[in-house]
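Participant: Shown below is the structure under consideration.
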Amino acid sequence: MAAYRYLIVGGGMTADAAAHGIRELDRDGTIGLVSAESDPPYNRPPLTKGLWKGEALESIWRKTGDAAIDLHLGRRVTTLDLPSRTVVDDRGDQHSYEKLLLATGAVPRRLPFGGDSVIYYRGLADYRRVRQVVDRGGTVVVIGGGFIGSEIAAGLAMNGCKVTMLFPEDGIGARIFPADLAKFLVGYYRDQGVAAKPGEQVAEIKGAGTGAVVSTKSGLTFNADAVIAGVGVIPDTDIAKVAGLAVEDGIIVDEHLRTSMPDVYAAGDVARFMSPQLGRRMRVEHEDNALTMGRAAGRAMAGDTAAYEHLPFFYSDLFDLGYEAVGETDSRLEMVADWKTPFREGVVYYLGGGRVRGVLLWGIFGKVDAARALIAAGGALDAASVKGRIQA
Ligand SMILES: Cc1cc2nc3c(=O)[nH]c(=O)nc-3n(C[C@H](O)[C@H](O)[C@H](O)COP(=O)(O)OP(=O)(O)OC[C@H]3O[C@@H](n4cnc5c(N)ncnc54)[C@H](O)[C@@H]3O)c2cc1C
């Protein structure tokens, strides 16, 4: 049995940030990491962005080994035994810990049909699979108009693929953007050569040769060399639930990123934490949260007593459009758009309970801290008074 002072379950960006966070305070304590992926930790955002714009694959590695850590790759932890402070992996090996971090992230939601002919785009293995199709100049159906769908559709179109995008909403990014912006994006994607089809729900996917045939409820049929789905993710809480940790759409953590069980921490996509700025628990599936919370969890395991109070931001690139966003950017909230140039440059404020809960900085960069300050201030603001609070 391998015995560690710190054991990390998961091999994503949170796990890497935690390992480096531990090393900021403890240079010598042993660290082990067990990851179901056979690759060491890497940056996920380039899988839909940079790698399709010519960035080298070598640029994505996070260099986790620099933290002097034992990497156990290609192994899934199946059991967490709290009384003996031990985890067991799917090869039957045991790893013991003094402090444990669960950084198990999230897994893609699956469609009830299509089996292995659908690529649920999440990791490097999925990127490698899609690359094989693209290198042949393929035809691709992308299911979903959210982050993953919109980004990979753009990346593939920029690489000469014939891309059809199917999504049930009226617009692209409809769950976060105002309706007019989401509809604008449909036209914008079409101008870039993507056959964007709003209002389409997939009814069936059948494997055909190396590709598949996709049928929609409205009766459309598409042949594709590859079918990629980005239909949301679910926090990977399996081992936490079985071990009896408090779980509620994510593993519940306190302000020190401790779970409901002693010496067990959680962070990143899998963790549900309290946001002091928004006054509610939230779970965030974005890079800044993974890196900042991962580092804080590592430091907390090594003795840091600072509370985690970071309000994470996120970002995306869609062809030559881009944005950054902070807080609750949910299109079910009241939205006030303040455009300098419509759909090219402007700020969208998300209001709820008489205050700003989120800010979308569309084509505007370097204003994330101003957006954070506006949300944290929590003062009474309405549609009439909020415009101009952040200057484009
Ligand atoms: C393609 C893509 C593009 C993205 N682009 C952006 C972007 O532009 N901007 C942005 O802000 N965010 C983006 N994100 C989101 C961001 O990358 C994630 O929020 C972040 O990677 C989450 O990191 P994590 O380590 O918490 O979880 P994950 O990355 O999900 O990692 C979890 C790890 O745990 C492993 N694991 C799970 N269960 C077990 C187990 N039982 N035993 C062992 N190992 C286990 C998994 O195999 C995986 O290695 C993107 C995500 C993807 C997939």
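The chains in the structure tokens are called A, B, ... from first to last as shown; in each chain the residues are counted from 1, and the ligands are counted from 1 in the order shown.
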Name the residues, by chain letter and number, that sit within 8 Å of ligand 1 using only C-alpha atoms and all ligand atoms, and give them as a ChimeraX atom specification.
Facilitator: /A:9-16,34-37,41,43-49,74-78,89,103-107,121-123,147-148,151-152,236-239,267-270,284-291,294,313-317
Participant: Pick out each residue of region 171-217 of chain A that DSSP on the backbone tags as alpha helix (DSSP H); I need them as a ChimeraX atom specification.
Facilitator: /A:179-191
Participant: Using only C-alpha atoms, determine which residues lie at most 9 Å from region 204-213 of chain A, disregarding the query and same-chain residues fewer than 5 positions distant; provide the list as a ChimeraX atom specification.
Facilitator: /A:112-118,221-227
Participant: Which residue, A:Leu102, A:Ala3, A:Ala296, A:Val87, has the smallest gap to Val264 (chain A) when you use only C-alpha atoms?
Facilitator: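 Ranking A:Leu102, A:Ala3, A:Ala296, A:Val87 by distance to Val264 (chain A), first place goes to A:Leu102.
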Participant: For Gly144 (chain A), which residue among A:Tyr189, A:Gly199, A:Ala179, A:Gly230 is the nearest when counting only C-alpha atoms?
Facilitator: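 Closest to Gly144 (chain A) of all the choices is A:Gly230.
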Participant: Would you please work out which residue, of A:Leu124, A:Phe319, A:Val140, A:Val202, is nearest to Arg190 (chain A) when using only C-alpha atoms?
Facilitator: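 Smallest separation from Arg190 (chain A) among the options: A:Phe319.
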Participant: Show which residues sit within 8 Å of Ser275 (chain A), as a list in words. Count only C-alpha atoms, and ignore same-chain residues fewer than 3 positions away.
Facilitator: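 Contacts, in chain order: Leu278, Gly279, Arg280, Arg281, Met282, Glu309, His310 and Leu311 of chain A.
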Participant: Let me see the file: selected residues, N, CA and C atoms, as a PDB file, in the first residue's frame.
Facilitator:
```
ATOM      1  N   LEU A 278     -22.695  36.293  -3.430  1.00  0.00           N
ATOM      2  CA  LEU A 278     -24.036  36.036  -3.965  1.00  0.00           C
ATOM      3  C   LEU A 278     -24.988  35.503  -2.897  1.00  0.00           C
ATOM      4  N   GLY A 279     -24.433  35.163  -1.738  1.00  0.00           N
ATOM      5  CA  GLY A 279     -25.275  34.721  -0.627  1.00  0.00           C
ATOM      6  C   GLY A 279     -25.979  33.403  -0.893  1.00  0.00           C
ATOM      7  N   ARG A 280     -25.356  32.562  -1.699  1.00  0.00           N
ATOM      8  CA  ARG A 280     -25.954  31.236  -1.916  1.00  0.00           C
ATOM      9  C   ARG A 280     -24.864  30.242  -2.316  1.00  0.00           C
ATOM     10  N   ARG A 281     -25.230  28.956  -2.190  1.00  0.00           N
ATOM     11  CA  ARG A 281     -24.295  27.924  -2.614  1.00  0.00           C
ATOM     12  C   ARG A 281     -24.278  27.852  -4.131  1.00  0.00           C
ATOM     13  N   MET A 282     -23.122  27.571  -4.700  1.00  0.00           N
ATOM     14  CA  MET A 282     -23.039  27.416  -6.148  1.00  0.00           C
ATOM     15  C   MET A 282     -21.990  26.369  -6.515  1.00  0.00           C
ATOM     16  N   GLU A 309     -13.038  32.814  -0.775  1.00  0.00           N
ATOM     17  CA  GLU A 309     -14.081  33.811  -1.032  1.00  0.00           C
ATOM     18  C   GLU A 309     -14.040  34.318  -2.456  1.00  0.00           C
ATOM     19  N   HIS A 310     -13.416  33.589  -3.338  1.00  0.00           N
ATOM     20  CA  HIS A 310     -13.197  34.053  -4.709  1.00  0.00           C
ATOM     21  C   HIS A 310     -14.488  33.951  -5.522  1.00  0.00           C
ATOM     22  N   LEU A 311     -14.789  34.995  -6.269  1.00  0.00           N
ATOM     23  CA  LEU A 311     -15.935  34.930  -7.188  1.00  0.00           C
ATOM     24  C   LEU A 311     -15.362  34.659  -8.581  1.00  0.00           C
TER      25      LEU A 311
END
```
Participant: So, with only C-alpha atoms as the atoms that count, which of A:Glu328, A:Asp338, A:Asp382, A:Glu55 lies closest to Arg357 (chain A)?
Facilitator: A:Glu328
Participant: Do you have the CA of Leu381 (chain A)-CA of Lys340 (chain A) distance handy?
Facilitator: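 That distance, rounded to one decimal, is 20.5 Å.
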Participant: May I ask which of the residues A:Asp330, A:Asp249, A:Asp90, A:Glu200 is the closest one to Phe167 (chain A), counting only C-alpha atoms?
Facilitator: A:Glu200
Participant: To one decimal in Å, tell me the separation between CA of Arg389 (chain A) and CA of Thr292 (chain A).
Facilitator: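 It comes out at 26.6 Å.
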Participant: Select, from A:Ile364, A:Ile252, A:Leu181, A:Ala125, the residue with the minimum atom-to-atom distance to Gly322 (chain A), counting only C-alpha atoms.
Facilitator: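 Closest candidate: A:Ile364.
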Participant: Mind the document's chain letters and residue numbers, and return as an MDAnalysis selection string the residues of region 36-122 of chain A that DSSP labels strand (DSSP E).
Facilitator: chainID A and resid 70:73 77:81 86:89 94:102 106:108 118:120
Participant: May I ask for the distance between CA of Asp93 (chain A) and CA of Asp28 (chain A), given in Å to one decimal place?
Facilitator: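 We find that CA of Asp93 (chain A) and CA of Asp28 (chain A) lie 23.8 Å from each other.
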